[in-house]
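To start, the structure itself, in structure tokens.
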Amino acid sequence: MLFTKSDALLDDLYEIAKNVHQTAIYFNEYKITSLETVKTFSTEMKEYETKGDKLIHEIIVQINKTFITAIEREDVLDLAVKLDDVLDGLEFCASRLYMYDIMEADETMVRFGELIEDATKQILLAIELLQKQKLSAMKEYIIRINDLESEGDELVRGSIRQLFKTSSDPIHIMQLKEVYEVLEDVMDHCEDVADAMESVIMGNS
């Protein structure tokens with residue numbers, strides 16, 4: 001389908017991606033030092049997630065009102081939902097840190113935070129190009145997201161292996177293993193967004 005000069009759906013999609021990236025920045029930069037700060041972190045992450053839900057509702061309303069779109073409405077909704085999965089994963093991880101009273105981020109969590117912030121930045125840059133109708137230029141960012149997801153896979157495997165080697169507390173192992181796997185899931189969701197963007201490029205080439 002031909003692009004229109006300005007597309008409200010793509011503008012809405014960009015706002016969703018921007019909120020996801022802002023959430024990832026907060027997630028990565030917030031310093032947990034005590035039970036109180038963990039609680040604050042979890043509460044703030046929930047607020048980001050609630051904002052994301054509102055943005056999803058708004059784009060669904062817009063989709064139902066729009067007949068001529070830059071890309072297929074189903075593709076817009078698919079991208080929006082996959083972006084929301086990233087946000088939900090980050091909020092879920094924050095809730096687990098609070099639930100388990102984890103008051104200090106270890107090296108694995110810190111590195112995952114960096115990977116997720118980077119991946120969401122690549123997503124935002126790619127969707128900005130989608131707004132500008134520069135589809136082929138999006139591929140650079142899609143490749144970068146895939147590379148970051150591969151690094152996340154390696155990170156979680158090595159970290160869980162090291163966890164079993166160095167910890168003798170089964171509860172501690174269970175809790176950290178879950179947190180690591182949730183963070184890996186967030187990276188997987190970022191790759192899902194990249195795959196959806198690749199499909200948009202192919203469908204509009």
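Residue names in the structure tokens use chain letters A, B, ... in the order shown, residue numbers from 1 in each chain, and ligand numbers from 1 in the order shown.
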Legend entry - Contact residues around Ser95 in chain A with only C-alpha atoms at 12 Å, ignoring same-chain residues under 6 positions, as a list of chain:residue names: A:Phe27, A:Val38, A:Lys39, A:Thr40, A:Phe41, A:Ser42, A:Thr43, A:Glu44, A:Met45, A:Lys46, A:Glu49, A:Asp88, A:Gly89, A:Asp101, A:Ile102, A:Glu178, A:Val179, A:Val182
Output file for the residues above (C-alpha atoms, as a PDB file, in the first residue's frame):
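After the write, part_11.pdb holds the following:
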ATOM      1  CA  PHE A  27      15.028   0.086  34.038  1.00  0.00           C
ATOM      2  CA  VAL A  38      13.100  -1.984  45.063  1.00  0.00           C
ATOM      3  CA  LYS A  39       9.513  -1.140  45.944  1.00  0.00           C
ATOM      4  CA  THR A  40       9.803   2.300  44.319  1.00  0.00           C
ATOM      5  CA  PHE A  41      11.346   0.696  41.234  1.00  0.00           C
ATOM      6  CA  SER A  42       8.511  -1.806  40.926  1.00  0.00           C
ATOM      7  CA  THR A  43       5.882   0.913  41.379  1.00  0.00           C
ATOM      8  CA  GLU A  44       7.438   3.184  38.752  1.00  0.00           C
ATOM      9  CA  MET A  45       7.751   0.317  36.285  1.00  0.00           C
ATOM     10  CA  LYS A  46       4.054  -0.428  36.765  1.00  0.00           C
ATOM     11  CA  GLU A  49       3.362  -0.332  31.867  1.00  0.00           C
ATOM     12  CA  ASP A  88       5.218  -6.167  30.044  1.00  0.00           C
ATOM     13  CA  GLY A  89       8.386  -8.226  30.386  1.00  0.00           C
ATOM     14  CA  ASP A 101      13.623  -8.876  47.905  1.00  0.00           C
ATOM     15  CA  ILE A 102      16.539  -8.698  45.483  1.00  0.00           C
ATOM     16  CA  GLU A 178      13.908 -16.914  36.972  1.00  0.00           C
ATOM     17  CA  VAL A 179      15.016 -13.282  36.823  1.00  0.00           C
ATOM     18  CA  VAL A 182      12.631 -13.189  32.308  1.00  0.00           C
TER      19      VAL A 182
END
Legend entry - Residue contacts of Thr50 in chain A (12 Å, only C-alpha atoms) excluding same-chain residues fewer than 5 positions away, as a PyMOL selection string: chain A and resi 16+19-20+23+43-45+55-57+84+87-88+91
Write the residues you've just listed into a file as an mmCIF file, in the first residue's frame, and include N, CA, C and O atoms for each of them.
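Resulting contents of result_37.cif:
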data_model
loop_
_atom_site.group_PDB
_atom_site.id
_atom_site.type_symbol
_atom_site.label_atom_id
_atom_site.label_comp_id
_atom_site.auth_asym_id
_atom_site.auth_seq_id
_atom_site.Cartn_x
_atom_site.Cartn_y
_atom_site.Cartn_z
ATOM 1 N N ILE A 16 4.425 4.574 21.113
ATOM 2 C CA ILE A 16 4.521 3.319 21.864
ATOM 3 C C ILE A 16 5.983 2.901 21.987
ATOM 4 O O ILE A 16 6.464 2.540 23.065
ATOM 5 N N ASN A 19 7.856 5.110 24.428
ATOM 6 C CA ASN A 19 7.573 4.760 25.821
ATOM 7 C C ASN A 19 8.327 3.506 26.240
ATOM 8 O O ASN A 19 8.848 3.421 27.362
ATOM 9 N N VAL A 20 8.411 2.542 25.347
ATOM 10 C CA VAL A 20 9.163 1.321 25.641
ATOM 11 C C VAL A 20 10.635 1.646 25.870
ATOM 12 O O VAL A 20 11.258 1.150 26.819
ATOM 13 N N THR A 23 11.141 3.429 29.131
ATOM 14 C CA THR A 23 11.032 2.451 30.214
ATOM 15 C C THR A 23 12.329 1.672 30.358
ATOM 16 O O THR A 23 12.807 1.440 31.478
ATOM 17 N N THR A 43 7.033 0.019 41.539
ATOM 18 C CA THR A 43 5.882 0.913 41.379
ATOM 19 C C THR A 43 6.018 1.774 40.132
ATOM 20 O O THR A 43 5.064 1.934 39.356
ATOM 21 N N GLU A 44 7.203 2.340 39.928
ATOM 22 C CA GLU A 44 7.438 3.184 38.752
ATOM 23 C C GLU A 44 7.327 2.377 37.460
ATOM 24 O O GLU A 44 6.787 2.854 36.458
ATOM 25 N N MET A 45 7.844 1.160 37.476
ATOM 26 C CA MET A 45 7.751 0.317 36.285
ATOM 27 C C MET A 45 6.294 -0.006 35.959
ATOM 28 O O MET A 45 5.908 -0.082 34.787
ATOM 29 N N LEU A 55 -1.613 3.638 25.611
ATOM 30 C CA LEU A 55 -1.184 3.884 24.232
ATOM 31 C C LEU A 55 -1.666 2.783 23.295
ATOM 32 O O LEU A 55 -2.052 3.054 22.147
ATOM 33 N N ILE A 56 -1.677 1.547 23.768
ATOM 34 C CA ILE A 56 -2.198 0.437 22.967
ATOM 35 C C ILE A 56 -3.682 0.632 22.707
ATOM 36 O O ILE A 56 -4.173 0.430 21.578
ATOM 37 N N HIS A 57 -4.414 1.033 23.739
ATOM 38 C CA HIS A 57 -5.852 1.287 23.565
ATOM 39 C C HIS A 57 -6.079 2.377 22.528
ATOM 40 O O HIS A 57 -6.965 2.252 21.663
ATOM 41 N N ASP A 84 4.429 -3.983 23.185
ATOM 42 C CA ASP A 84 3.839 -4.064 24.521
ATOM 43 C C ASP A 84 4.360 -5.278 25.280
ATOM 44 O O ASP A 84 4.490 -5.244 26.510
ATOM 45 N N LEU A 87 7.478 -4.254 27.037
ATOM 46 C CA LEU A 87 7.143 -3.457 28.217
ATOM 47 C C LEU A 87 6.637 -4.338 29.351
ATOM 48 O O LEU A 87 7.050 -4.189 30.511
ATOM 49 N N ASP A 88 5.756 -5.258 29.021
ATOM 50 C CA ASP A 88 5.218 -6.167 30.044
ATOM 51 C C ASP A 88 6.324 -6.996 30.684
ATOM 52 O O ASP A 88 6.309 -7.253 31.893
ATOM 53 N N GLU A 91 8.263 -4.877 33.201
ATOM 54 C CA GLU A 91 7.473 -4.669 34.423
ATOM 55 C C GLU A 91 7.415 -5.945 35.250
ATOM 56 O O GLU A 91 7.498 -5.912 36.482
#
Legend entry - Counting only C-alpha atoms, the residue of A:Leu183, A:Val76, A:Met109, A:Leu135 that sits nearest Asn204 in chain A: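 The shortest atom-to-atom distance to Asn204 in chain A comes from A:Leu135.
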Inset, instruction - Measure the distance from CA of Ile171 in chain A to CA of Leu115 in chain A in Å and round it to one decimal. - result: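 Going from CA of Ile171 in chain A over to CA of Leu115 in chain A, I get 26.6 Å.
Restricting the calculation to only C-alpha atoms, the smallest distance between Leu90 in chain A and any of A:Cys190, A:Ile127, A:Val156, A:Leu148 is found for A:Cys190.
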